[in-house]
Amino acid sequence: LERYAEIGGAQSAWAQQGRDVNAMLAQQFGMNALDWSNISQYWSAKFMEDYRIAARYGDLMTHYTEQYMAAGGGGQDNDIDI
């Protein structure tokens, strides 16, 4: 769920920044719009089964959108403290 929210948040940030979301999706996560659509179908079904998952997704997506906005597009795992 967290990775799905990260990708969704990144896409939201990129769209707000006027970036090419499809190009960034491929560059950052190695996937295309069809891949994203297929993954989204799975999670949409999960959200319908349990609203708590959908609520958690919303919180996570907000977090990742803000993170990618602040980082000017962000990068994978840039929230890890090593």
# chains A, B, ... in the order shown; residues from 1 in each chain; ligands from 1
call {"tool": "residues_around", "arguments": {"residues": "Ile53 in chain A", "least_positions_apart": "4", "cutoff": "12 Å", "atoms": "only C-alpha atoms", "output": "list in words"}}
result
Leu1, Glu2, Tyr4, Ala5, Trp43, Ser44, Ala45, Lys46, Phe47, Met48, Glu49, Tyr57, Gly58, Asp59, Leu60 and Met61 of chain A
call {"tool": "write_last_selection", "arguments": {"atoms": "N, CA and C atoms", "output": "PDB file, in the first residue's frame"}}
result
ATOM      1  N   LEU A   1       0.830  -1.196   0.000  1.00  0.00           N
ATOM      2  CA  LEU A   1       0.000   0.000   0.000  1.00  0.00           C
ATOM      3  C   LEU A   1       0.870   1.254   0.000  1.00  0.00           C
ATOM      4  N   GLU A   2       1.921   1.214   0.794  1.00  0.00           N
ATOM      5  CA  GLU A   2       2.768   2.406   0.889  1.00  0.00           C
ATOM      6  C   GLU A   2       3.439   2.730  -0.447  1.00  0.00           C
ATOM      7  N   TYR A   4       2.336   1.932  -3.432  1.00  0.00           N
ATOM      8  CA  TYR A   4       1.270   2.393  -4.317  1.00  0.00           C
ATOM      9  C   TYR A   4       0.956   3.863  -4.035  1.00  0.00           C
ATOM     10  N   ALA A   5       0.892   4.220  -2.767  1.00  0.00           N
ATOM     11  CA  ALA A   5       0.640   5.612  -2.393  1.00  0.00           C
ATOM     12  C   ALA A   5       1.800   6.515  -2.796  1.00  0.00           C
ATOM     13  N   TRP A  43      -5.848  -2.365  -6.213  1.00  0.00           N
ATOM     14  CA  TRP A  43      -6.052  -1.566  -5.017  1.00  0.00           C
ATOM     15  C   TRP A  43      -7.468  -1.005  -4.928  1.00  0.00           C
ATOM     16  N   SER A  44      -8.070  -0.702  -6.034  1.00  0.00           N
ATOM     17  CA  SER A  44      -9.459  -0.226  -6.018  1.00  0.00           C
ATOM     18  C   SER A  44     -10.375  -1.272  -5.402  1.00  0.00           C
ATOM     19  N   ALA A  45     -10.151  -2.527  -5.734  1.00  0.00           N
ATOM     20  CA  ALA A  45     -10.948  -3.606  -5.145  1.00  0.00           C
ATOM     21  C   ALA A  45     -10.712  -3.685  -3.640  1.00  0.00           C
ATOM     22  N   LYS A  46      -9.473  -3.523  -3.212  1.00  0.00           N
ATOM     23  CA  LYS A  46      -9.153  -3.545  -1.783  1.00  0.00           C
ATOM     24  C   LYS A  46      -9.836  -2.399  -1.045  1.00  0.00           C
ATOM     25  N   PHE A  47      -9.868  -1.219  -1.672  1.00  0.00           N
ATOM     26  CA  PHE A  47     -10.510  -0.062  -1.054  1.00  0.00           C
ATOM     27  C   PHE A  47     -12.001  -0.305  -0.868  1.00  0.00           C
ATOM     28  N   MET A  48     -12.605  -0.997  -1.830  1.00  0.00           N
ATOM     29  CA  MET A  48     -14.037  -1.294  -1.742  1.00  0.00           C
ATOM     30  C   MET A  48     -14.322  -2.296  -0.619  1.00  0.00           C
ATOM     31  N   GLU A  49     -13.387  -3.180  -0.358  1.00  0.00           N
ATOM     32  CA  GLU A  49     -13.549  -4.189   0.689  1.00  0.00           C
ATOM     33  C   GLU A  49     -13.397  -3.603   2.086  1.00  0.00           C
ATOM     34  N   TYR A  57      -4.565   4.957   2.601  1.00  0.00           N
ATOM     35  CA  TYR A  57      -4.007   5.354   1.309  1.00  0.00           C
ATOM     36  C   TYR A  57      -4.071   6.874   1.143  1.00  0.00           C
ATOM     37  N   GLY A  58      -5.200   7.462   1.481  1.00  0.00           N
ATOM     38  CA  GLY A  58      -5.346   8.912   1.365  1.00  0.00           C
ATOM     39  C   GLY A  58      -4.303   9.656   2.177  1.00  0.00           C
ATOM     40  N   ASP A  59      -4.087   9.196   3.402  1.00  0.00           N
ATOM     41  CA  ASP A  59      -3.074   9.821   4.261  1.00  0.00           C
ATOM     42  C   ASP A  59      -1.670   9.669   3.667  1.00  0.00           C
ATOM     43  N   LEU A  60      -1.375   8.460   3.217  1.00  0.00           N
ATOM     44  CA  LEU A  60      -0.054   8.214   2.634  1.00  0.00           C
ATOM     45  C   LEU A  60       0.159   9.008   1.350  1.00  0.00           C
ATOM     46  N   MET A  61      -0.866   9.066   0.530  1.00  0.00           N
ATOM     47  CA  MET A  61      -0.723   9.790  -0.737  1.00  0.00           C
ATOM     48  C   MET A  61      -0.485  11.277  -0.474  1.00  0.00           C
TER      49      MET A  61
END
call {"tool": "residues_around", "arguments": {"residues": "range 15-18 of chain A", "least_positions_apart": "6", "cutoff": "12 Å", "atoms": "only C-alpha atoms", "output": "CSV table (one decimal) with all heavy atoms, in the first residue's frame"}}
result
chain,number,residue,atom,x,y,z
A,8,GLY,N,1.4,7.1,-6.5
A,8,GLY,CA,0.3,8.0,-6.7
A,8,GLY,C,0.6,9.4,-6.3
A,8,GLY,O,0.3,10.4,-7.0
A,9,GLY,N,1.3,9.6,-5.2
A,9,GLY,CA,1.7,10.9,-4.7
A,9,GLY,C,2.7,11.6,-5.6
A,9,GLY,O,2.6,12.8,-5.9
A,24,MET,N,8.1,10.5,-16.3
A,24,MET,CA,8.6,10.4,-15.0
A,24,MET,C,8.3,9.1,-14.3
A,24,MET,O,9.1,8.5,-13.6
A,24,MET,CB,8.0,11.6,-14.1
A,24,MET,CG,8.5,13.0,-14.5
A,24,MET,SD,10.3,13.2,-14.4
A,24,MET,CE,10.6,13.0,-12.6
A,25,LEU,N,7.1,8.6,-14.6
A,25,LEU,CA,6.7,7.3,-14.1
A,25,LEU,C,7.7,6.2,-14.6
A,25,LEU,O,8.1,5.3,-13.8
A,25,LEU,CB,5.3,7.0,-14.6
A,25,LEU,CG,4.6,5.7,-14.0
A,25,LEU,CD1,4.4,5.8,-12.5
A,25,LEU,CD2,3.2,5.6,-14.6
A,65,THR,N,2.7,13.1,-1.8
A,65,THR,CA,2.6,14.3,-2.7
A,65,THR,C,3.4,15.5,-2.2
A,65,THR,O,4.1,16.1,-2.9
A,65,THR,CB,1.1,14.7,-2.9
A,65,THR,OG1,0.4,13.6,-3.5
A,65,THR,CG2,0.9,15.9,-3.8
A,66,GLU,N,3.2,15.7,-0.9
A,66,GLU,CA,4.0,16.8,-0.3
A,66,GLU,C,5.5,16.6,-0.3
A,66,GLU,O,6.3,17.5,-0.6
A,66,GLU,CB,3.5,17.0,1.2
A,66,GLU,CG,2.1,17.5,1.3
A,66,GLU,CD,1.6,17.5,2.7
A,66,GLU,OE1,2.3,17.0,3.7
A,66,GLU,OE2,0.4,17.9,2.9
A,68,TYR,N,7.2,14.8,-2.6
A,68,TYR,CA,7.7,15.0,-4.0
A,68,TYR,C,7.6,16.5,-4.4
A,68,TYR,O,8.4,16.9,-5.2
A,68,TYR,CB,6.9,14.1,-4.9
A,68,TYR,CG,7.5,12.7,-5.0
A,68,TYR,CD1,7.3,11.8,-4.0
A,68,TYR,CD2,8.4,12.3,-6.0
A,68,TYR,CE1,7.8,10.5,-4.0
A,68,TYR,CE2,8.9,11.0,-6.1
A,68,TYR,CZ,8.7,10.1,-5.0
A,68,TYR,OH,9.2,8.9,-5.1
A,69,MET,N,6.6,17.2,-3.9
A,69,MET,CA,6.5,18.6,-4.2
A,69,MET,C,7.7,19.4,-3.6
A,69,MET,O,8.4,20.2,-4.3
A,69,MET,CB,5.2,19.2,-3.7
A,69,MET,CG,4.0,18.8,-4.5
A,69,MET,SD,3.9,19.4,-6.2
A,69,MET,CE,3.6,21.1,-5.9
A,70,ALA,N,8.0,19.0,-2.4
A,70,ALA,CA,9.1,19.7,-1.7
A,70,ALA,C,10.5,19.4,-2.3
A,70,ALA,O,11.4,20.2,-2.3
A,70,ALA,CB,9.1,19.3,-0.2
A,71,ALA,N,10.6,18.2,-2.8
A,71,ALA,CA,11.9,17.8,-3.4
A,71,ALA,C,12.0,18.1,-4.9
A,71,ALA,O,12.9,17.8,-5.5
A,71,ALA,CB,12.0,16.3,-3.2
A,72,GLY,N,11.0,18.9,-5.4
A,72,GLY,CA,11.0,19.2,-6.8
A,72,GLY,C,10.9,18.0,-7.7
A,72,GLY,O,11.3,18.0,-8.8
A,73,GLY,N,10.2,17.0,-7.2
A,73,GLY,CA,10.0,15.8,-8.0
A,73,GLY,C,10.4,14.6,-7.3
A,73,GLY,O,9.9,13.5,-7.5
A,74,GLY,N,11.3,14.7,-6.3
A,74,GLY,CA,11.7,13.7,-5.4
A,74,GLY,C,12.5,12.6,-6.1
A,74,GLY,O,12.8,12.6,-7.2
call {"tool": "closest_residue", "arguments": {"among": "A:Ile7, A:Tyr42, A:Ala13, A:Tyr51", "to": "Gly30 in chain A", "atoms": "only C-alpha atoms"}}
result
A:Ile7
call {"tool": "atom_distance", "arguments": {"atom1": "CA of Ala10 in chain A", "atom2": "CA of Gln41 in chain A"}}
result
18.4 Å
